[in-house]
Every structure is written in structure tokens, then in C-alpha cells.
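**Student:** Once you've had a glance at the structure underneath, I'll fire off some questions.
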Amino acid sequence: MNEEPFDRAELLRYFKDESEELLQQIDADLLKLEPLAASARSDPETVNSLFRALHTIKGSAGMLELGDVATFAHKLENVCDLVRNGRLPISSVLIEILFEGRDLLTALIRAGTDGTPATRSGAGFAERLETVVLRHTRSEDEEAQHVTADPATASAGKARPRTIRVDIARLDVLLDLVGELVITKNRIMQISTMLTRGEAADAAKLVAQLNTAAALLARTSTDLQEAVMHSRMVRIAGVFERFPRVVRDLAKSRGKEIELAIEGAETDLDKTIVDEIGEPLMHLVRNCVDHGIESPKRRRECGKDPVGKIELRAAHEGNSVVVQIRDDGGGVDLDRVRERGLALGLIAADAVQTERDLLELLFVPGFSTARTVSEISGRGVGMDVVHRAIGRLSGTLEIASRPGEGTTFTIRLPLTLAILGALLVRIAGELYAIPIDAVGESLRLDASEIARSQSGESIVHRDRFLPVIRGAEFFELSSRGRESGSVLVVVLRAADREVGLVVDEFVGDQEIVVKPLSELVGPIAGIAGGTILGDGSIALILDPNALVSEVHRGPGSVVISGAMPQR
């Protein structure tokens with residue numbers, strides 16, 4: 001019998017989630033206080049917020065017997081208390097050391113909750129903190145405790161438990177719906193038993209009751225589906241709140257002055273996507289700081305405000321969420337991109353490259369226009385990683401840039417990866433599901449309208465050429481050969497590009513539950529996952545990004561794609 005009244009592992013996960021929010025709050029508070037350092041003014045409300053965050057971490061860590069965390073948080077809390085009582089003025093030195101303390105506290109929390117060995121030392125921090133306090137306190141110092149812990153960073157390779165905090169009201173809705181399902185299930189089983197035993201005196205009446213129960217089951221399951229999806233939604237603020245501190249630190253290290261504006265932090269997104277989008281966004285933001293924004297001197301020479309601006313926005317657009325990262329820097333040097341593309345053999349000297357083609361070269365693995373190596377970022381260095389990460393989320397990434405005016409990265413993500421609307425089609429006898437968001441329209445054409453050339457097949461659609469790909473040939477399925485009559489084409493859209501997919505039959509549209517491909521099967525080009533239909537048959541889910549990328553393949557064409565992530 002387990003004598004522990006609580007599940008310690010569960011409590012540690014809860015503490016870690018809570019601490020991450022509080023650490024972000026600490027970052028935000030320090031960023032608010034930093035501008036006051038020059039005038040030694042204070043902001044009592046913000047200082048109290050900072051104190052409360054540290055106090056909460058200290059208390060929770062103490063209950064979980066995380067002594068190092070509690071002691072270190074108490075140390076920082078004491079410093080904040082001096083500021084709160086007006087005995088320690090806010091200074092740039094104090095802000096810097098509190099930021100450092102915040103980072104060391106983060107490392108201690110991760111070490112305590114993940115159980116990973118220490119890989120980073122905070123030796124000397126306590127002495128520096130004490131020096132700052134002794135030098136600047138206005139009256140007798142309060143007794144402080146020295147921190148002797150050796151903070152550790154978490155092991156990057158260890159899998160993190162994934163949790164989500166759900167409003168209890170949402171769980172109540174789920175519970176009510178499950179209750180309705182149980183009642184309906186019981187009614188259907190009762191009808192089934194009566195039919196099996198031949199107890200139905202009035203078969204017509206029983207059939208009517210069965211139809212009513214089936215309709216109720218359909219309605220309840222739909223409500224349940226929506227409730228579950230809603231419970232998985234979290235605000236993207238949890239990701240956005242990391243960036244003010246990142247921009248502040250990187251700007252200082254690069255000798256730049258940068259303002260970060262955030263909009264749409266309240267935008268809801270599936271928890272899986274929010275968990276995965278942080279790193280790609282981090283890379284793009286760092287890129288804007290390092291390569292996008294010019295130095296204050298250069299900006300003055302260009303007649304710009306010496307303070308650069310980065311805008312981070314999120315907003316719903318239909319069934320998608322669009323995230324934009326925009327800087328008002330110098331923009332991408334397309335001549336330099338073309339020069340590097342030629343040098344790397346990615347483009348031919350006589351090839352005609354559009355601005356878009358050149359910009360997409362930045363996403364080619366190993367491509368960089370940087371003349372000097374930077375430890376922070378480089379347009380092209382690691383951008384292919386961003387590429388793949390967005391692709392794994394079934395998203396698209398576009399880049400736009402204007403010389404002297406800046407660069408904009410636009411990420412378009414699905415609201416959720418679990419259930420989506422799909423158009424079912426048949427290709428060479430096999431069923432395929434196409435995410436409905438990627439379907440522009442469906443066409444019935446005469447086979448003679450498909451023109452052939454050295455670059456492939458195409459049709460004229462809405463007064464422009466539309467590349468065509470044949471599903472049966474792409475997936476190497478047996479086909480009936482070239483049609484002589486009518487041809488069915490689905491216009492697929494991805495990253496603002498289109499391609500026509502030739503199919504054999506339109507089956508209909510319905511919502512499908514996305515299942516990732518088994519690791520035993522591995523990735524399949526053009527396939528994002530699978531699904532089981534109502535009749536028990538299996539349909540593969542097409543990856544529109546991959547198909548569009550295949551057709552538009554060429555120098556610099558890197559429309560991203562990827563399989564559904566494991567959940």
C-alpha cells in the first residue's frame with residue numbers, strides 16, 4: 001500500500017508548470033523596471049508583483065522539499081523586499097543581476113523537477129548580489145543567506161512530461177456530455193437486447209426509438225468533440241511572453257536598440273502546436289534582432305529612428321492562426337542572395353529568378369549570406385530547421401522583404417491537428433483525404449485541356465497556367481493511363497501557391513480523426529497521416545504542402561511540408 005498521500009511526480013509537474021508562468025512574470029516585471037533604473041525611480045505595483053512571484057516559488061518549492069530552489073528564491077525575494085521597502089534603489093546593475101538570478105533560478109527548478117545532473121555553475125553569484133546590496137542599500141542591511149547551490153540546467157535530451165491546465169468549467173461540460181453518452185449508450189443497448197430476444201411487440205416503434213437514440217448520439221458526440229478540442233486550446237501568450245527578455249538581452253549583446261511590440265497574445269491555439277511553435281519563433285525573432293535590425297549608427301545614416309522595431313502578431317483567420325514576425329530593418333540583400341545561390345550551384349547563371357524564388361533560397365539547408373559567423377543567428381543558418389518544424393505542424397512559412405524597410409515572416413498554422421475537415425477522393429481505387437483548408441476548388445475538365453511540356457503538365461485556369469500533378473503517378477499506383485474524356489482535378493493551395501491534382505473520383509467531405517503514421521512505416525512523401533472512416537476503411541491523408549512543393553520544385557523553391565506530429 002502506498003503510504004504517500006500525494007503523487008509527488010504529479011505535484012512536481014504542477015510546480016514546474018506554475019513556475020514557468022511565474023518566471024515569465026518575473027521577466028516581464030524586470031523589463032518594466034529596467035527603464036526606471038536611470039532615474040532610480042520605482043514602480044510599487046511591479047515590484048510587488050515581482051516579490052509575489054518569487055515568494056510563491058519559494059513557498060511551493062519548500063513544500064516539495066526542493067531546498068536549493070527555496071533558498072535561492074528566498075535570496076532574491078529578500079532583495080526585492082529591500083526594493084519594495086525603499087531601502088534599495090533600482091539600478092541597471094541591480095536589474096542585470098536579478099535577470100541573472102532569474103536564469104539561475106530557472107536552472108535550479110529544472111534540475112529539481114527533472115532530476116537532471118547539474119551542468120552549469122552559479123558560483124560567484126551570491127557574492128556579486130551581496131556586493132550590489134551592500135553598495136546600494138540606504139540603511140542597515142538585512143541579514144541575508146548565502147547561496148552555495150550549484151544551479152543546473154535541465155538535460156535537453158530528456159523527454160518532458162506534457163501537461164495542460166484546464167478550466168474546471170470546461171471539465172464540467174465534458175462530464176455532462178459523457179453522462180449523456182452513457183444514457184444514450186444504455187438506451188441503444190436496451191433496444192439491441194430487445195431486438196435480439198425478439199421482445200419487440202411493435203418493431204416500428206422500436207426502430208423509431210433507435211433512430212432517435214442515434215440522432216442524440218450524433219449530436220452529443222459532436223458536442224463532445226467540440227468540448228474536447230476547446231479544452232486543448234491555450235493562449236499563445238505562453239510563448240510570446242518569452243520574447244521581451246530575449247530581445248532585450250540579444251539587443252544589448254549586439255549593441256542595438258530594439259522595441260518589441262506584441263499583439264494577439266490572447267489568440268487560442270491547440271496545446272500541441274503551442275508546445276512546438278516556441279523554438280521556430282525563437283529562431284525567427286533572434287534572426288530579426290541579429291540580421292534584420294541595423295545598428296543605431298547605420299539607422300541614423302539611413303534617416304531612420306535609431307531604435308529598431310520588431311512586431312510579433314497572432315490572429316485567427318478562418319480555421320487557421322497566422323503568426324507574423326516583422327522587423328523594420330534593412331531587408332534582405334537579394335543581390336547577395338543571388339550571388340550566394342550561384343556560388344553554391346543552387347541557381348543557374350541564365351535562370352530567371354523572381355524575388356520570391358530568391359527569398360526562399362534562405363530556407364535551403366546550409367544557405368547563408370552572412371559574411372561573418374554569428375553565434376546568434378543567420379538568415380539561412382538554421383532556417384531549414386524552422387522550415388521542418390513548421391512543416392511538422394502542417395503549417396506554411398512565407399517570407400517577404402523590402403530593401404531598407406524590413407522583413408516579414410508569416411506562419412500559417414491549423415487551429416488543431418487532431419480533427420479536421422477533409423475532402424475524400426479516390427485515386428487508382430484507393431481512398432485519400434485532402435485537408436479541406438488546402439482545397440481551393442474542384443474541376444471537371446476535358447482531358448484535351450491538359451497541356452504537356454518539358455516542365456510537366458498544366459492547364460489554363462482563371463487566365464493563368466496551373467501546374468498539374470497526377471495522383472496515380474505521384475504515388476506510383478496502377479492507373480488507367482491517360483484519360484480521353486473528362487478529368488477530375490482538385491486545386492490544392494499551400495503557401496500561396498496552387499497545383500491541380502488529378503483524381504479518379506470525388507467521394508465527399510467529412511470530418512476525420514488524424515492518426516500519425518506508424519514509426520514502422522516511416523515518412524511517406526506526400527502523405528501526412530492516416531484516418532479510419534465510419535465504415536472501417538482506411539484513408540491516407542494527403543500532405544498538400546509536399547505535393548505543391550513537388551510541382552514547384554526548382555532552384556530556391558522550398559515550400560515546406562511535413563508529416564503530422566505524434567501526440
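By convention here, the chains of the C-alpha cells are called A, B, ... in the order presented, each chain's residues are numbered starting at 1, and ligands are numbered starting at 1 in the order presented.
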List every residue of segment 304-530 of chain A that DSSP, applied to the backbone of this structure, places in helix (DSSP H, G or I), and write the result as a PyMOL selection string.

**Tutor:** chain A and resi 334-343+355-363+383-392+436-438+447-449+471-474

**Student:** If we count only C-alpha atoms and set the cut-off at 12 Å, which residues sit around Arg187 of chain A, ignoring sequence neighbours fewer than 3 positions away in its own chain? Please answer as number ranges by chain.

**Tutor:** A: 180-184, 190-194, 206, 209-214, 216-217

**Student:** Identify which of the residues A:Leu362, A:Ile469, A:Cys288, A:Ala227 lies closest to Asp172 of chain A, counting only C-alpha atoms when measuring atom-to-atom distances.

**Tutor:** A:Ala227

**Student:** If we count only C-alpha atoms, what is near Arg248 of chain A at a cut-off of 10 Å, once residues fewer than 6 positions away on the same chain are taken out, given as JSON, numbers by chain?

**Tutor:** {"A": [31, 256, 257, 258, 259, 260, 289]}

**Student:** Which residues come within 8 Å of segment 398-409 of chain A, counting only C-alpha atoms, excluding same-chain residues fewer than 6 positions away, as a ChimeraX atom specification?

**Tutor:** /A:284,292-293,324-333,356,359-360,495

**Student:** Would you mind reading off the distance between atom CA of Leu36 of chain A and atom CA of Thr131 of chain A, one decimal, in Å?

**Tutor:**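 Between these atoms lies a distance of 21.0 Å.
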
**Student:** Could you please determine the separation between atom CA of Gly341 of chain A and atom CA of Val551 of chain A in Å, to one decimal place?

**Tutor:** 20.8 Å

**Student:** When you look at Ser42 of chain A with a cut-off of 8 Å (counting only C-alpha atoms), what residues show up, excluding the ones that are within fewer than 2 positions of it in the same chain? I need them as a list in words.

**Tutor:** Leu33, Leu36, Ala40, Pro44, Val47, Pro89 and Ile90 of chain A

**Student:** Taking N, CA and C atoms for each residue, export the selection above as a PDB file, in the first residue's frame.

**Tutor:**
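Saved file selection-v3.pdb follows:
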ATOM      1  N   LEU A  33      10.729  47.366 -15.013  1.00  0.00           N
ATOM      2  CA  LEU A  33      11.511  48.163 -14.073  1.00  0.00           C
ATOM      3  C   LEU A  33      12.788  48.729 -14.694  1.00  0.00           C
ATOM      4  N   LEU A  36      13.350  52.371 -15.455  1.00  0.00           N
ATOM      5  CA  LEU A  36      13.346  53.272 -14.302  1.00  0.00           C
ATOM      6  C   LEU A  36      14.729  53.387 -13.674  1.00  0.00           C
ATOM      7  N   ALA A  40      16.423  56.036 -10.968  1.00  0.00           N
ATOM      8  CA  ALA A  40      16.329  55.406  -9.638  1.00  0.00           C
ATOM      9  C   ALA A  40      14.914  55.464  -9.082  1.00  0.00           C
ATOM     10  N   PRO A  44       5.884  50.614  -7.483  1.00  0.00           N
ATOM     11  CA  PRO A  44       5.492  49.715  -6.385  1.00  0.00           C
ATOM     12  C   PRO A  44       4.669  48.509  -6.847  1.00  0.00           C
ATOM     13  N   VAL A  47       7.019  46.027  -8.522  1.00  0.00           N
ATOM     14  CA  VAL A  47       7.920  45.426  -7.524  1.00  0.00           C
ATOM     15  C   VAL A  47       7.164  44.411  -6.673  1.00  0.00           C
ATOM     16  N   PRO A  89      17.591  51.153  -4.114  1.00  0.00           N
ATOM     17  CA  PRO A  89      17.076  51.778  -5.336  1.00  0.00           C
ATOM     18  C   PRO A  89      17.261  50.871  -6.554  1.00  0.00           C
ATOM     19  N   ILE A  90      16.382  51.064  -7.507  1.00  0.00           N
ATOM     20  CA  ILE A  90      16.509  50.297  -8.756  1.00  0.00           C
ATOM     21  C   ILE A  90      17.645  50.896  -9.570  1.00  0.00           C
TER      22      ILE A  90
END

**Student:** Just the residues within 12 Å of Gly255 of chain A, please, counting only C-alpha atoms, with nothing from its chain fewer than 2 positions along; format it as a list in words.

**Tutor:**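 What passes the distance filter is Val247, Arg248, Asp249, Leu250, Ala251, Lys252, Ser253, Glu257, Ile258, Val289, Asp290, Ile293, Glu294, Ser295, Pro296, Lys297, Arg298, Pro306, Val307 and Gly308 of chain A.
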
**Student:** Keeping C-alpha atoms, export the residues of the selection given above as a PDB file, in the first residue's frame.

**Tutor:**
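Contents of again-v7.pdb, as written:
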ATOM      1  CA  VAL A 247      15.000  40.655 -27.495  1.00  0.00           C
ATOM      2  CA  ARG A 248      16.279  42.771 -24.635  1.00  0.00           C
ATOM      3  CA  ASP A 249      19.299  40.526 -23.975  1.00  0.00           C
ATOM      4  CA  LEU A 250      20.210  39.982 -27.619  1.00  0.00           C
ATOM      5  CA  ALA A 251      19.845  43.665 -28.471  1.00  0.00           C
ATOM      6  CA  LYS A 252      22.206  44.594 -25.656  1.00  0.00           C
ATOM      7  CA  SER A 253      24.727  41.970 -26.706  1.00  0.00           C
ATOM      8  CA  GLU A 257      18.265  49.413 -29.511  1.00  0.00           C
ATOM      9  CA  ILE A 258      15.075  47.494 -30.237  1.00  0.00           C
ATOM     10  CA  VAL A 289      17.493  41.050 -33.934  1.00  0.00           C
ATOM     11  CA  ASP A 290      20.792  39.849 -35.332  1.00  0.00           C
ATOM     12  CA  ILE A 293      17.648  45.424 -37.385  1.00  0.00           C
ATOM     13  CA  GLU A 294      20.619  47.635 -38.236  1.00  0.00           C
ATOM     14  CA  SER A 295      22.917  49.244 -35.693  1.00  0.00           C
ATOM     15  CA  PRO A 296      21.784  52.629 -34.307  1.00  0.00           C
ATOM     16  CA  LYS A 297      24.585  54.303 -36.271  1.00  0.00           C
ATOM     17  CA  ARG A 298      23.530  52.682 -39.521  1.00  0.00           C
ATOM     18  CA  PRO A 306      17.890  54.602 -34.073  1.00  0.00           C
ATOM     19  CA  VAL A 307      15.513  52.357 -32.147  1.00  0.00           C
ATOM     20  CA  GLY A 308      14.518  49.427 -34.329  1.00  0.00           C
TER      21      GLY A 308
END

**Student:** When you look at segment 498-509 of chain A with a cut-off of 9 Å (counting only C-alpha atoms), what residues show up, excluding the ones that are within fewer than 5 positions of it in the same chain? I need them as JSON, numbers by chain.

**Tutor:** {"A": [421, 422, 423, 424, 425, 426, 427, 428, 429, 431, 433, 436, 440, 442, 458, 459, 466, 467, 468, 469, 470, 471, 472, 487, 488, 489, 490, 491, 492, 493, 547, 548, 551, 552]}

**Student:** As an exercise, work out the distance from atom CA of Leu177 of chain A to atom CA of Val514 of chain A in Å and give it to one decimal place.

**Tutor:** 22.3 Å

**Student:** Which is closer to Lys515 of chain A than all the others in A:Ile419, A:Leu361, A:Ile273, A:Leu443, using only C-alpha atoms?

**Tutor:**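 With only C-alpha atoms as the atom set, the closest residue is A:Ile419.
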
**Student:** When you count only C-alpha atoms, which of these residues is closest to Tyr432 of chain A: A:Leu94, A:Ala107, A:Val274, A:Ile527?

**Tutor:**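 Residue with the minimum atom-to-atom distance to Tyr432 of chain A: A:Ile527.
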